[in-house]
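Below is one structure, written out as structure tokens, with a few remarks after it.
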Amino acid sequence: MSAAELRGSEAALCPQVPELQKTTVRIQQPERVMGLIRAIKEQGGSKLQVISDFDMTLSRFGCNGRRCPTSHNILDNSHVISEDGKKKLKDLLHHYYPIEIDPNRTLEEKRPLMVEWWTQAHDLLSQQKIQKGDIAQIVRESDVMLRDGFNELFDQLHKYNVPMFIFSAGVGDILEEIIRQANVFYPNVNVVSNYMDFDDNGVLKCFKSPLIHTYNKNNSVLQGTAYFQQLSTRTSIILLGDSMGDLTMADGVPSVENILKIGFLNDKVEEQRGNYLDAYDIVLESDETLDVVNGILRYILMET
Ligand SMILES: Nc1ccn([C@@H]2O[C@H](COP(=O)(O)O)[C@@H](O)[C@H]2O)c(=O)n1
């Protein structure tokens, strides 16, 4: 259902979230979505947690017709990578990215190929003698942008003590630096991602395991992190993602009562729309903002 259709019907059920009438919003089951939002509000902020992907979900996919970099791309394009290294990393991207987003391949087919991509990219990066001390400058010099409205998102969650779990197949050291430089790395934010392993001289030697790629973002890589167990009372979840792999990010959470899945559909919109609408409760098409997420949170967290 388009936003225009929603405007005349189910949107009226939830006039408190006017952002749902944006033209970028698509919802297959509006009544279910409104029911979920109301149920999460009834449970209150003390029962809520947000689980989010980072690259192309909290960060922007594009700006003025140009692609914005992922946390891997930030490193790949930086001054610390040799020309030969840059070429090899770009070749990998051009080969594997179309596979990652191909709606005609199964996740079973994609998984081993994603392991190949990440492993080769991490090996190449580990040959580049990247210094830990260079990370802040690399991020500062990059074209990365967080989505419009990121300040309100992080500030609201911090203000109401809502835990935010960022589960990313990107590079943890880079994404942490991005949110640090944006001044929103609050104590309620926790990150699980691929982290670099530096030697005693602060030079990158390898990446720590487990390797997290787009399609293993689930319990299998969270074993050993006690994070979700500590949050067993947080039974309402808002999940934010941009790929079909992000849908399993909450699999390790015990006793989930309500989960609202919001998906950013950034690329190959026409081809992927059907799958996204089946999988996500709310789909945001080519929307570079966090307006809808902020609107829903404002409604849920506002004191009545
Ligand atoms: N060498 C690589 C590997 C992956 N990417 C992209 O990073 C994204 C990270 O995954 P999330 O699920 O956390 O968003 C992924 O979508 C890959 O396209 C890359 O740019 N370079």
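Please note that chains go A, B, ... in the order of the structure tokens, that every chain numbers its residues from 1, and that ligands are numbered from 1 in the order shown.
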
Surroundings of ligand 1 up to 6 Å, based on only C-alpha atoms and all ligand atoms, as number ranges by chain: A: 53-56, 70, 72-73, 97, 118, 121, 168-170, 214

Using DSSP on the backbone coordinates, identify the residues of stretch 103-216 of chain A assigned to alpha helix (DSSP H); present them as number ranges by chain. A: 107-126, 135-140, 150-159, 172-181

Write the residues of the selection above to a file with N, CA and C atoms, as a CSV table (one decimal), in the first residue's frame.
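Wrote it out as out_25.csv, contents follow:
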chain,number,residue,atom,x,y,z
A,107,LEU,N,19.6,-17.1,0.4
A,107,LEU,CA,20.6,-16.7,1.4
A,107,LEU,C,21.6,-17.9,1.5
A,108,GLU,N,21.2,-19.1,1.3
A,108,GLU,CA,22.1,-20.3,1.4
A,108,GLU,C,23.2,-20.1,0.3
A,109,GLU,N,22.8,-19.7,-0.9
A,109,GLU,CA,23.8,-19.4,-1.9
A,109,GLU,C,24.7,-18.3,-1.6
A,110,LYS,N,24.2,-17.3,-1.0
A,110,LYS,CA,24.9,-16.0,-0.8
A,110,LYS,C,26.0,-16.2,0.3
A,111,ARG,N,25.6,-16.9,1.4
A,111,ARG,CA,26.4,-17.0,2.6
A,111,ARG,C,27.9,-17.3,2.3
A,112,PRO,N,28.2,-18.4,1.6
A,112,PRO,CA,29.7,-18.7,1.4
A,112,PRO,C,30.4,-17.6,0.6
A,113,LEU,N,29.6,-17.0,-0.3
A,113,LEU,CA,30.2,-15.9,-1.2
A,113,LEU,C,30.5,-14.7,-0.4
A,114,MET,N,29.6,-14.4,0.6
A,114,MET,CA,29.9,-13.3,1.5
A,114,MET,C,31.1,-13.5,2.3
A,115,VAL,N,31.3,-14.8,2.8
A,115,VAL,CA,32.5,-15.1,3.6
A,115,VAL,C,33.7,-14.9,2.7
A,116,GLU,N,33.7,-15.3,1.5
A,116,GLU,CA,34.8,-15.1,0.5
A,116,GLU,C,35.1,-13.6,0.4
A,117,TRP,N,34.1,-12.7,0.2
A,117,TRP,CA,34.3,-11.3,0.1
A,117,TRP,C,35.0,-10.7,1.3
A,118,TRP,N,34.3,-10.9,2.5
A,118,TRP,CA,34.8,-10.3,3.7
A,118,TRP,C,36.2,-10.8,4.0
A,119,THR,N,36.5,-12.1,3.8
A,119,THR,CA,37.8,-12.6,4.1
A,119,THR,C,38.9,-12.0,3.2
A,120,GLN,N,38.6,-11.9,1.9
A,120,GLN,CA,39.6,-11.4,1.0
A,120,GLN,C,39.8,-9.9,1.3
A,121,ALA,N,38.7,-9.2,1.6
A,121,ALA,CA,38.9,-7.7,1.8
A,121,ALA,C,39.7,-7.5,3.1
A,122,HIS,N,39.4,-8.3,4.2
A,122,HIS,CA,40.1,-8.1,5.4
A,122,HIS,C,41.6,-8.5,5.3
A,123,ASP,N,41.8,-9.5,4.5
A,123,ASP,CA,43.2,-9.9,4.2
A,123,ASP,C,44.0,-8.7,3.5
A,124,LEU,N,43.3,-8.2,2.5
A,124,LEU,CA,43.9,-7.1,1.8
A,124,LEU,C,44.2,-5.9,2.7
A,125,LEU,N,43.2,-5.5,3.5
A,125,LEU,CA,43.3,-4.4,4.4
A,125,LEU,C,44.5,-4.7,5.4
A,126,SER,N,44.6,-5.9,5.8
A,126,SER,CA,45.6,-6.3,6.8
A,126,SER,C,47.0,-6.2,6.3
A,135,ILE,N,42.9,6.2,12.3
A,135,ILE,CA,41.5,6.0,12.1
A,135,ILE,C,40.7,7.3,12.2
A,136,ALA,N,41.0,8.1,13.2
A,136,ALA,CA,40.2,9.3,13.4
A,136,ALA,C,40.3,10.2,12.1
A,137,GLN,N,41.5,10.4,11.6
A,137,GLN,CA,41.7,11.2,10.4
A,137,GLN,C,41.0,10.6,9.2
A,138,ILE,N,41.1,9.3,9.1
A,138,ILE,CA,40.5,8.6,7.9
A,138,ILE,C,39.0,8.9,7.9
A,139,VAL,N,38.4,8.8,9.1
A,139,VAL,CA,36.9,9.1,9.2
A,139,VAL,C,36.7,10.6,8.9
A,140,ARG,N,37.5,11.4,9.4
A,140,ARG,CA,37.3,12.9,9.2
A,140,ARG,C,37.3,13.3,7.8
A,150,PHE,N,19.7,12.0,12.7
A,150,PHE,CA,20.4,11.0,13.6
A,150,PHE,C,20.5,11.6,15.0
A,151,ASN,N,20.7,12.9,15.1
A,151,ASN,CA,20.8,13.6,16.4
A,151,ASN,C,19.6,13.3,17.3
A,152,GLU,N,18.4,13.5,16.7
A,152,GLU,CA,17.2,13.3,17.4
A,152,GLU,C,17.1,11.8,17.8
A,153,LEU,N,17.4,10.9,16.9
A,153,LEU,CA,17.3,9.5,17.3
A,153,LEU,C,18.2,9.1,18.5
A,154,PHE,N,19.5,9.5,18.4
A,154,PHE,CA,20.4,9.1,19.5
A,154,PHE,C,20.0,9.9,20.8
A,155,ASP,N,19.6,11.1,20.6
A,155,ASP,CA,19.3,11.9,21.8
A,155,ASP,C,18.0,11.4,22.5
A,156,GLN,N,17.0,11.1,21.7
A,156,GLN,CA,15.8,10.5,22.3
A,156,GLN,C,16.1,9.3,23.1
A,157,LEU,N,16.8,8.3,22.5
A,157,LEU,CA,17.1,7.0,23.1
A,157,LEU,C,17.9,7.2,24.4
A,158,HIS,N,18.8,8.2,24.3
A,158,HIS,CA,19.7,8.4,25.5
A,158,HIS,C,18.8,9.1,26.6
A,159,LYS,N,18.0,10.0,26.2
A,159,LYS,CA,17.2,10.7,27.2
A,159,LYS,C,16.2,9.8,28.0
A,172,GLY,N,33.9,-2.2,13.0
A,172,GLY,CA,33.5,-1.6,14.3
A,172,GLY,C,34.4,-0.3,14.6
A,173,ASP,N,35.7,-0.4,14.4
A,173,ASP,CA,36.5,0.7,14.8
A,173,ASP,C,36.1,2.0,14.0
A,174,ILE,N,35.8,1.8,12.7
A,174,ILE,CA,35.4,2.9,11.9
A,174,ILE,C,34.0,3.5,12.3
A,175,LEU,N,33.1,2.6,12.5
A,175,LEU,CA,31.7,3.1,12.8
A,175,LEU,C,31.7,3.7,14.2
A,176,GLU,N,32.4,3.2,15.1
A,176,GLU,CA,32.5,3.8,16.5
A,176,GLU,C,33.0,5.2,16.4
A,177,GLU,N,34.1,5.4,15.5
A,177,GLU,CA,34.7,6.7,15.3
A,177,GLU,C,33.7,7.7,14.7
A,178,ILE,N,32.8,7.2,13.8
A,178,ILE,CA,31.8,8.0,13.1
A,178,ILE,C,30.9,8.6,14.2
A,179,ILE,N,30.4,7.7,15.0
A,179,ILE,CA,29.4,8.1,16.0
A,179,ILE,C,30.0,9.0,17.1
A,180,ARG,N,31.3,8.7,17.4
A,180,ARG,CA,32.0,9.5,18.3
A,180,ARG,C,32.2,10.9,17.8
A,181,GLN,N,32.6,11.0,16.5
A,181,GLN,CA,32.8,12.4,15.9
A,181,GLN,C,31.5,13.1,15.8

Can you list every residue of stretch 45-123 of chain A that has an atom at most 12 Å from stretch 226-230 of chain A, with its nearest atom pair and the distance in Å to one decimal, using only C-alpha atoms, ordered by chain then number, as a tab-separated table?
residue	atom	partner	partner_atom	distance
A:Gln49	CA	A:Phe228	CA	10.0
A:Val50	CA	A:Phe228	CA	11.6
A:Ile51	CA	A:Phe228	CA	10.5

With N, CA and C atoms retained, could you export that selection as a short mmCIF file (atom, residue, chain, number, x, y, z; two decimals), in the first residue's frame?
data_model
loop_
_atom_site.label_atom_id
_atom_site.label_comp_id
_atom_site.auth_asym_id
_atom_site.auth_seq_id
_atom_site.Cartn_x
_atom_site.Cartn_y
_atom_site.Cartn_z
N GLN A 49 13.83 -1.72 23.43
CA GLN A 49 15.22 -1.61 22.97
C GLN A 49 15.19 -1.44 21.45
N VAL A 50 16.23 -0.79 20.93
CA VAL A 50 16.35 -0.61 19.49
C VAL A 50 17.56 -1.42 19.03
N ILE A 51 17.35 -2.20 17.97
CA ILE A 51 18.44 -3.00 17.40
C ILE A 51 18.61 -2.51 15.97
#

Give me, as JSON, numbers by chain, all polymer residues having an atom no more than 9 Å from A:Ile296, counting only C-alpha atoms and skipping those fewer than 5 positions away in the same chain. {"A": [16, 17, 19, 20, 37, 291, 301]}

Among stretch 40-189 of chain A, which ones does DSSP assign to strand (DSSP E or B) (computed from the backbone)? Answer as a list of chain:residue names.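 Answer for stretch 40-189 of chain A restricted to strand (DSSP E or B) is A:Leu48, A:Gln49, A:Val50, A:Ile51, A:Ser52, A:Ser59, A:Gly62, A:Cys63, A:Arg66, A:Arg67, A:Gln131, A:Leu146, A:Asp148, A:Met164, A:Phe165, A:Ile166, A:Phe167, A:Ser168, A:Ala169, A:Gly170, A:Val171, A:Val189.
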
Write a file of the just-selected residues containing N, CA and C atoms, as a tab-separated table (two decimals), in the first residue's frame.
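This is the output file selection-v2.tsv:
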chain	number	residue	atom	x	y	z
A	48	LEU	N	11.49	-1.15	26.12
A	48	LEU	CA	11.90	-1.02	24.72
A	48	LEU	C	13.41	-1.11	24.53
A	49	GLN	N	13.83	-1.72	23.43
A	49	GLN	CA	15.22	-1.61	22.97
A	49	GLN	C	15.19	-1.44	21.45
A	50	VAL	N	16.23	-0.79	20.93
A	50	VAL	CA	16.35	-0.61	19.49
A	50	VAL	C	17.56	-1.42	19.03
A	51	ILE	N	17.35	-2.20	17.97
A	51	ILE	CA	18.44	-3.00	17.40
A	51	ILE	C	18.61	-2.51	15.97
A	52	SER	N	19.81	-2.03	15.65
A	52	SER	CA	19.97	-1.40	14.33
A	52	SER	C	21.25	-1.85	13.62
A	59	SER	N	23.73	5.21	8.57
A	59	SER	CA	24.46	6.11	7.66
A	59	SER	C	23.69	6.20	6.34
A	62	GLY	N	23.07	7.63	-0.05
A	62	GLY	CA	23.51	8.56	-1.10
A	62	GLY	C	23.25	9.99	-0.72
A	63	CYS	N	23.88	10.88	-1.48
A	63	CYS	CA	23.67	12.31	-1.28
A	63	CYS	C	23.92	13.02	-2.61
A	66	ARG	N	25.13	10.88	-5.46
A	66	ARG	CA	26.38	10.11	-5.29
A	66	ARG	C	26.25	9.14	-4.14
A	67	ARG	N	26.85	7.95	-4.27
A	67	ARG	CA	26.83	6.96	-3.20
A	67	ARG	C	27.68	7.43	-2.03
A	131	GLN	N	47.51	2.15	10.61
A	131	GLN	CA	47.81	2.48	12.01
A	131	GLN	C	46.53	2.84	12.75
A	146	LEU	N	25.78	10.51	8.37
A	146	LEU	CA	24.68	9.82	9.06
A	146	LEU	C	23.37	10.34	8.47
A	148	ASP	N	19.80	12.04	7.96
A	148	ASP	CA	19.20	13.23	8.56
A	148	ASP	C	18.31	12.80	9.72
A	164	MET	N	20.42	0.97	22.79
A	164	MET	CA	20.52	0.86	21.34
A	164	MET	C	21.68	-0.08	21.02
A	165	PHE	N	21.33	-1.15	20.33
A	165	PHE	CA	22.33	-2.16	19.98
A	165	PHE	C	22.61	-2.05	18.48
A	166	ILE	N	23.83	-1.70	18.14
A	166	ILE	CA	24.20	-1.60	16.73
A	166	ILE	C	24.92	-2.89	16.34
A	167	PHE	N	24.32	-3.60	15.40
A	167	PHE	CA	24.83	-4.92	14.99
A	167	PHE	C	25.25	-4.76	13.53
A	168	SER	N	26.56	-4.74	13.31
A	168	SER	CA	27.04	-4.35	11.99
A	168	SER	C	28.04	-5.32	11.40
A	169	ALA	N	27.89	-5.56	10.11
A	169	ALA	CA	28.88	-6.35	9.38
A	169	ALA	C	29.97	-5.45	8.80
A	170	GLY	N	29.94	-4.19	9.21
A	170	GLY	CA	30.98	-3.25	8.78
A	170	GLY	C	32.21	-3.35	9.65
A	171	VAL	N	32.94	-2.25	9.76
A	171	VAL	CA	34.17	-2.23	10.56
A	171	VAL	C	33.90	-1.45	11.84
A	189	VAL	N	24.55	3.11	24.02
A	189	VAL	CA	24.83	2.53	22.69
A	189	VAL	C	25.86	1.42	22.82

If we count only C-alpha atoms and set the cut-off at 7 Å, which residues sit around stretch 203-212 of chain A, ignoring sequence neighbours fewer than 4 positions away in its own chain? Please answer as a VMD selection string. chain A and resid 122 126 129 to 132 169 193 to 199 216 to 217 221

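Picture a line from atom CA of A:Asn294 to atom CA of A:Asn266; it runs 18.7 Å.
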
Contact residues around A:Ala279 with only C-alpha atoms at 9 Å, ignoring same-chain residues under 6 positions, as a ChimeraX atom specification: /A:244,247,261,263
